[in-house]
>>> print(open('final13.pdb').read())   # PDB, C-alpha atoms
ATOM      1  CA  MET A   1      -0.072 -14.353  -4.209
ATOM      2  CA  LYS A   2       0.887 -11.750  -6.752
ATOM      3  CA  PHE A   3      -1.791  -9.654  -8.402
ATOM      4  CA  ARG A   4      -1.788  -7.239 -11.286
ATOM      5  CA  ARG A   5      -4.447  -4.666 -12.089
ATOM      6  CA  HIS A   6      -6.279  -6.315 -14.962
ATOM      7  CA  ARG A   7      -7.469  -3.278 -16.898
ATOM      8  CA  PRO A   8      -7.906   0.418 -16.375
ATOM      9  CA  GLY A   9     -11.375   1.439 -15.373
ATOM     10  CA  PRO A  10     -13.239   3.865 -13.216
ATOM     11  CA  VAL A  11     -12.409   3.792  -9.550
ATOM     12  CA  ALA A  12     -15.512   3.464  -7.414
ATOM     13  CA  THR A  13     -15.911   6.127  -4.798
ATOM     14  CA  VAL A  14     -17.295   5.435  -1.370
ATOM     15  CA  PRO A  15     -18.615   7.958   1.137
ATOM     16  CA  ILE A  16     -15.580   7.486   3.385
ATOM     17  CA  MET A  17     -13.257   8.489   0.547
ATOM     18  CA  SER A  18     -13.361  12.000   2.000
ATOM     19  CA  LEU A  19     -11.649  10.619   5.134
ATOM     20  CA  VAL A  20      -8.599   9.531   3.132
ATOM     21  CA  ARG A  21      -5.595  11.813   3.056
ATOM     22  CA  ARG A  22      -2.035  11.591   1.869
ATOM     23  CA  ALA A  23       0.324  10.764   4.718
ATOM     24  CA  VAL A  24       2.763  13.414   5.938
ATOM     25  CA  PRO A  25       6.125  13.028   7.731
ATOM     26  CA  GLU A  26       4.403  13.387  11.120
ATOM     27  CA  ASP A  27       2.557  10.118  10.356
ATOM     28  CA  ALA A  28       5.784   8.102  10.122
ATOM     29  CA  GLU A  29       5.587   6.465  13.564
ATOM     30  CA  GLU A  30       1.986   5.429  12.975
ATOM     31  CA  LEU A  31       2.874   4.079   9.524
ATOM     32  CA  LEU A  32       5.487   1.886  11.155
ATOM     33  CA  ARG A  33       2.997   0.777  13.813
ATOM     34  CA  LEU A  34       0.438  -0.283  11.210
ATOM     35  CA  ARG A  35       3.123  -1.879   9.046
ATOM     36  CA  GLN A  36       4.008  -3.942  12.102
ATOM     37  CA  VAL A  37       0.338  -4.940  12.475
ATOM     38  CA  MET A  38       0.539  -6.270   8.916
ATOM     39  CA  ILE A  39       3.881  -8.036   9.508
ATOM     40  CA  ASP A  40       2.620  -9.598  12.741
ATOM     41  CA  SER A  41      -0.310 -11.127  10.847
ATOM     42  CA  MET A  42       1.952 -13.065   8.453
ATOM     43  CA  ALA A  43       2.835 -16.619   9.425
ATOM     44  CA  GLY A  44       6.555 -17.056  10.001
ATOM     45  CA  ALA A  45       7.359 -13.339   9.810
ATOM     46  CA  ASP A  46      10.047 -11.755  11.973
ATOM     47  CA  THR A  47       7.898  -9.817  14.433
ATOM     48  CA  SER A  48      10.723  -7.861  16.076
ATOM     49  CA  THR A  49      10.353  -4.083  16.175
ATOM     50  CA  ASP A  50      14.038  -3.228  16.642
ATOM     51  CA  TRP A  51      14.185  -1.849  13.098
ATOM     52  CA  HIS A  52      11.539   0.855  13.731
ATOM     53  CA  ALA A  53      13.947   3.413  15.240
ATOM     54  CA  GLU A  54      16.388   3.089  12.353
ATOM     55  CA  SER A  55      13.625   3.192   9.734
ATOM     56  CA  LEU A  56      11.818   6.222  11.140
ATOM     57  CA  THR A  57      14.129   8.863   9.613
ATOM     58  CA  THR A  58      13.951   7.219   6.200
ATOM     59  CA  VAL A  59      10.159   6.989   6.278
ATOM     60  CA  ARG A  60       9.848  10.631   7.322
ATOM     61  CA  GLY A  61      12.148  11.679   4.499
ATOM     62  CA  ARG A  62      10.259   9.679   1.895
ATOM     63  CA  LEU A  63       6.913  11.088   3.062
ATOM     64  CA  ALA A  64       8.339  14.613   2.859
ATOM     65  CA  ASP A  65       9.207  14.194  -0.840
ATOM     66  CA  PRO A  66       5.960  14.407  -2.848
ATOM     67  CA  ASP A  67       7.830  13.650  -6.102
ATOM     68  CA  GLY A  68       9.924  10.779  -4.749
ATOM     69  CA  GLY A  69       7.881   7.923  -6.189
ATOM     70  CA  LEU A  70       6.346   6.848  -2.879
ATOM     71  CA  ALA A  71       2.870   7.659  -1.628
ATOM     72  CA  ALA A  72       0.980   6.621   1.470
ATOM     73  CA  PHE A  73      -2.733   7.193   1.923
ATOM     74  CA  VAL A  74      -4.262   6.960   5.371
ATOM     75  CA  VAL A  75      -7.453   7.272   7.357
ATOM     76  CA  ASP A  76      -7.159   8.718  10.835
ATOM     77  CA  HIS A  77      -8.312   6.471  13.654
ATOM     78  CA  PRO A  78     -11.860   7.605  14.509
ATOM     79  CA  GLU A  79     -11.506   6.924  18.235
ATOM     80  CA  ARG A  80      -7.846   7.683  19.064
ATOM     81  CA  ALA A  81      -6.409  11.131  18.396
ATOM     82  CA  GLY A  82      -3.064  11.015  16.640
ATOM     83  CA  ALA A  83      -3.451   7.380  15.584
ATOM     84  CA  LEU A  84      -4.095   5.996  12.129
ATOM     85  CA  GLY A  85      -6.948   3.635  11.393
ATOM     86  CA  ALA A  86      -5.696   2.374   8.022
ATOM     87  CA  LEU A  87      -2.948   2.864   5.489
ATOM     88  CA  VAL A  88      -1.725   1.810   2.083
ATOM     89  CA  VAL A  89       1.721   2.541   0.721
ATOM     90  CA  GLY A  90       2.920   2.261  -2.849
ATOM     91  CA  THR A  91       5.887   3.081  -5.023
ATOM     92  CA  VAL A  92       6.365   3.766  -8.702
ATOM     93  CA  GLU A  93       9.032   1.566 -10.254
ATOM     94  CA  TYR A  94      10.509   1.467 -13.728
ATOM     95  CA  ARG A  95      11.096  -1.636 -15.803
ATOM     96  CA  ILE A  96      11.809  -1.830 -19.519
ATOM     97  CA  GLY A  97       8.512  -1.468 -21.362
ATOM     98  CA  ARG A  98       6.556  -4.256 -22.970
ATOM     99  CA  ALA A  99       3.216  -4.832 -24.669
ATOM    100  CA  GLY A 100       0.492  -3.276 -22.542
ATOM    101  CA  ASN A 101       2.984  -1.077 -20.669
ATOM    102  CA  PRO A 102       5.377   0.454 -23.225
ATOM    103  CA  HIS A 103       6.725   3.076 -20.797
ATOM    104  CA  GLY A 104       7.572   0.504 -18.118
ATOM    105  CA  ARG A 105       6.126   2.430 -15.166
ATOM    106  CA  ILE A 106       4.753  -0.011 -12.600
ATOM    107  CA  GLY A 107       2.967   0.694  -9.359
ATOM    108  CA  TYR A 108       3.793  -1.586  -6.470
ATOM    109  CA  VAL A 109       1.473  -1.725  -3.443
ATOM    110  CA  PHE A 110       2.661  -2.798  -0.018
ATOM    111  CA  SER A 111       1.863  -2.231   3.639
ATOM    112  CA  VAL A 112      -1.901  -2.329   3.389
ATOM    113  CA  ALA A 113      -3.047  -2.452   6.993
ATOM    114  CA  THR A 114      -6.010  -1.562   9.169
ATOM    115  CA  ASP A 115      -5.919  -1.174  12.920
ATOM    116  CA  PRO A 116      -7.717  -4.238  14.358
ATOM    117  CA  GLU A 117     -10.098  -1.947  16.307
ATOM    118  CA  VAL A 118     -11.567  -0.410  13.129
ATOM    119  CA  ARG A 119     -11.610  -3.208  10.574
ATOM    120  CA  ARG A 120     -14.538  -3.917   8.241
ATOM    121  CA  ARG A 121     -15.403  -0.219   7.795
ATOM    122  CA  GLY A 122     -14.092   0.211   4.248
ATOM    123  CA  TYR A 123     -10.983   2.170   5.216
ATOM    124  CA  ALA A 124      -8.473  -0.042   3.403
ATOM    125  CA  ARG A 125     -10.611   0.001   0.249
ATOM    126  CA  ALA A 126     -10.872   3.794   0.347
ATOM    127  CA  CYS A 127      -7.105   4.113   0.812
ATOM    128  CA  MET A 128      -6.502   1.643  -2.043
ATOM    129  CA  GLU A 129      -8.810   3.630  -4.322
ATOM    130  CA  ALA A 130      -6.842   6.805  -3.544
ATOM    131  CA  LEU A 131      -3.570   5.014  -4.283
ATOM    132  CA  VAL A 132      -4.913   3.702  -7.606
ATOM    133  CA  VAL A 133      -5.848   7.266  -8.581
ATOM    134  CA  TRP A 134      -2.341   8.440  -7.658
ATOM    135  CA  PHE A 135      -0.791   5.646  -9.722
ATOM    136  CA  ARG A 136      -2.893   6.679 -12.720
ATOM    137  CA  GLU A 137      -1.770  10.274 -12.287
ATOM    138  CA  GLU A 138       1.841   9.002 -12.203
ATOM    139  CA  GLY A 139       1.286   7.237 -15.538
ATOM    140  CA  VAL A 140       1.818   3.654 -14.421
ATOM    141  CA  GLY A 141       0.823   0.906 -16.858
ATOM    142  CA  GLN A 142       0.104  -1.753 -14.242
ATOM    143  CA  ILE A 143      -0.142  -2.156 -10.503
ATOM    144  CA  ASP A 144       1.327  -5.168  -8.720
ATOM    145  CA  LEU A 145       0.875  -6.388  -5.162
ATOM    146  CA  THR A 146       1.062  -9.485  -3.058
ATOM    147  CA  ALA A 147      -1.932 -10.395  -0.955
ATOM    148  CA  SER A 148      -2.841 -12.495   2.007
ATOM    149  CA  ALA A 149      -5.744 -14.904   1.568
ATOM    150  CA  GLU A 150      -7.798 -12.597   3.803
ATOM    151  CA  ALA A 151      -7.129  -9.524   1.626
ATOM    152  CA  ALA A 152      -7.366 -11.168  -1.807
ATOM    153  CA  PRO A 153     -11.159 -10.672  -2.134
ATOM    154  CA  LEU A 154     -10.760  -6.910  -1.663
ATOM    155  CA  TYR A 155      -8.196  -6.699  -4.454
ATOM    156  CA  ALA A 156     -10.173  -9.013  -6.729
ATOM    157  CA  SER A 157     -13.243  -6.805  -6.267
ATOM    158  CA  MET A 158     -11.140  -3.882  -7.496
ATOM    159  CA  GLY A 159     -10.120  -5.732 -10.671
ATOM    160  CA  PHE A 160      -6.785  -7.260  -9.631
ATOM    161  CA  VAL A 161      -6.159 -10.727 -11.043
ATOM    162  CA  ARG A 162      -3.670 -13.473 -10.252
ATOM    163  CA  THR A 163      -0.626 -13.676 -12.478
ATOM    164  CA  PRO A 164       1.435 -16.727 -13.387
ATOM    165  CA  ASP A 165       4.629 -14.885 -12.398
ATOM    166  CA  PRO A 166       5.960 -16.526  -9.219
ATOM    167  CA  LEU A 167       7.802 -14.237  -6.850
ATOM    168  CA  MET A 168      11.323 -15.188  -5.792
ATOM    169  CA  ARG A 169      13.676 -13.215  -3.516
ATOM    170  CA  LEU A 170      17.379 -12.966  -2.711
ATOM    171  CA  ARG A 171      18.361 -11.214   0.512
ATOM    172  CA  PHE A 172      21.718  -9.678   1.368
TER     173      PHE A 172
END
>>> encode(input="final13.pdb", output="structure tokens")
Amino acid sequence: MKFRRHRPGPVATVPIMSLVRRAVPEDAEELLRLRQVMIDSMAGADTSTDWHAESLTTVRGRLADPDGGLAAFVVDHPERAGALGALVVGTVEYRIGRAGNPHGRIGYVFSVATDPEVRRRGYARACMEALVVWFREEGVGQIDLTASAEAAPLYASMGFVRTPDPLMRLRF
């Protein structure tokens, strides 16, 4: 499924919003762990973790650059020191403008994941709300994401709608 933020509007705040923080380079290993939780939940996905070691330096570098077009928002795990309970990651992309988004800045959300031990506490929603605020501050005209059937109700409740644009991919 591909979703697009339907219209700008106020972002609801929840009491746990104060638990959300922007990820820092020291969170990189935990970001990869939670990304793997997300990958492992997808049918047919390659669940190997061999790529983690090679990716770690890149993730740390991207998290260290606050103006690099990537942001991750996290909630610390409430029961395990040093672990993350939830995360969302997004990037700002540029495409040639069009009606409704003349500047062509698009937010893309990926790696939304919650540790299985702390699901259903509102952490992913709070992280998503923080990311939406960041996207607005970055001047994006729309936010796109793909969603599992399990996550689609969360995004729909935030105003995301299905689009007719089917996603296709070419790998090298």
>>> resolve_selection(input="final13.pdb", expression="the PyMOL selection byres ((chain A and resi 121-123) around 12)", output="ChimeraX atom specification")
/A:13-21,73-78,84-88,112-120,124-130,154
>>> write_last_selection(input="final13.pdb", atoms="C-alpha atoms", output="PDB file, in the frame of the given file")
ATOM      1  CA  THR A  13     -15.911   6.127  -4.798  1.00  0.00           C
ATOM      2  CA  VAL A  14     -17.295   5.435  -1.370  1.00  0.00           C
ATOM      3  CA  PRO A  15     -18.615   7.958   1.137  1.00  0.00           C
ATOM      4  CA  ILE A  16     -15.580   7.486   3.385  1.00  0.00           C
ATOM      5  CA  MET A  17     -13.257   8.489   0.547  1.00  0.00           C
ATOM      6  CA  SER A  18     -13.361  12.000   2.000  1.00  0.00           C
ATOM      7  CA  LEU A  19     -11.649  10.619   5.134  1.00  0.00           C
ATOM      8  CA  VAL A  20      -8.599   9.531   3.132  1.00  0.00           C
ATOM      9  CA  ARG A  21      -5.595  11.813   3.056  1.00  0.00           C
ATOM     10  CA  PHE A  73      -2.733   7.193   1.923  1.00  0.00           C
ATOM     11  CA  VAL A  74      -4.262   6.960   5.371  1.00  0.00           C
ATOM     12  CA  VAL A  75      -7.453   7.272   7.357  1.00  0.00           C
ATOM     13  CA  ASP A  76      -7.159   8.718  10.835  1.00  0.00           C
ATOM     14  CA  HIS A  77      -8.312   6.471  13.654  1.00  0.00           C
ATOM     15  CA  PRO A  78     -11.860   7.605  14.509  1.00  0.00           C
ATOM     16  CA  LEU A  84      -4.095   5.996  12.129  1.00  0.00           C
ATOM     17  CA  GLY A  85      -6.948   3.635  11.393  1.00  0.00           C
ATOM     18  CA  ALA A  86      -5.696   2.374   8.022  1.00  0.00           C
ATOM     19  CA  LEU A  87      -2.948   2.864   5.489  1.00  0.00           C
ATOM     20  CA  VAL A  88      -1.725   1.810   2.083  1.00  0.00           C
ATOM     21  CA  VAL A 112      -1.901  -2.329   3.389  1.00  0.00           C
ATOM     22  CA  ALA A 113      -3.047  -2.452   6.993  1.00  0.00           C
ATOM     23  CA  THR A 114      -6.010  -1.562   9.169  1.00  0.00           C
ATOM     24  CA  ASP A 115      -5.919  -1.174  12.920  1.00  0.00           C
ATOM     25  CA  PRO A 116      -7.717  -4.238  14.358  1.00  0.00           C
ATOM     26  CA  GLU A 117     -10.098  -1.947  16.307  1.00  0.00           C
ATOM     27  CA  VAL A 118     -11.567  -0.410  13.129  1.00  0.00           C
ATOM     28  CA  ARG A 119     -11.610  -3.208  10.574  1.00  0.00           C
ATOM     29  CA  ARG A 120     -14.538  -3.917   8.241  1.00  0.00           C
ATOM     30  CA  ALA A 124      -8.473  -0.042   3.403  1.00  0.00           C
ATOM     31  CA  ARG A 125     -10.611   0.001   0.249  1.00  0.00           C
ATOM     32  CA  ALA A 126     -10.872   3.794   0.347  1.00  0.00           C
ATOM     33  CA  CYS A 127      -7.105   4.113   0.812  1.00  0.00           C
ATOM     34  CA  MET A 128      -6.502   1.643  -2.043  1.00  0.00           C
ATOM     35  CA  GLU A 129      -8.810   3.630  -4.322  1.00  0.00           C
ATOM     36  CA  ALA A 130      -6.842   6.805  -3.544  1.00  0.00           C
ATOM     37  CA  LEU A 154     -10.760  -6.910  -1.663  1.00  0.00           C
TER      38      LEU A 154
END
>>> atom_distance(input="final13.pdb", atom1="atom CA of A:Ile106", atom2="atom CA of A:Gly141")
5.9 Å
>>> residues_near_point(input="final13.pdb", point="(4.7, 5.9, -10.6)", cutoff="10 Å", atoms="only C-alpha atoms", output="PyMOL selection string")
chain A and resi 67-71+90-94+104-108+134-143
>>> residues_near_point(input="final13.pdb", point="(9.7, 8.8, 12.0)", cutoff="9 Å", atoms="only C-alpha atoms", output="tab-separated table (two decimals) with C-alpha atoms, keeping the file's coordinate frame")
chain	number	residue	atom	x	y	z
A	25	PRO	CA	6.12	13.03	7.73
A	26	GLU	CA	4.40	13.39	11.12
A	27	ASP	CA	2.56	10.12	10.36
A	28	ALA	CA	5.78	8.10	10.12
A	29	GLU	CA	5.59	6.46	13.56
A	30	GLU	CA	1.99	5.43	12.98
A	31	LEU	CA	2.87	4.08	9.52
A	32	LEU	CA	5.49	1.89	11.16
A	52	HIS	CA	11.54	0.86	13.73
A	53	ALA	CA	13.95	3.41	15.24
A	54	GLU	CA	16.39	3.09	12.35
A	55	SER	CA	13.62	3.19	9.73
A	56	LEU	CA	11.82	6.22	11.14
A	57	THR	CA	14.13	8.86	9.61
A	58	THR	CA	13.95	7.22	6.20
A	59	VAL	CA	10.16	6.99	6.28
A	60	ARG	CA	9.85	10.63	7.32
A	61	GLY	CA	12.15	11.68	4.50
>>> axis_aligned_box(input="final13.pdb", around="stretch 85-95 of chain A", padding_each_side="3 Å", output="AutoDock Vina command-line options")
--center_x 2.1 --center_y 1.1 --center_z -2.2 --size_x 24.0 --size_y 11.4 --size_z 33.2
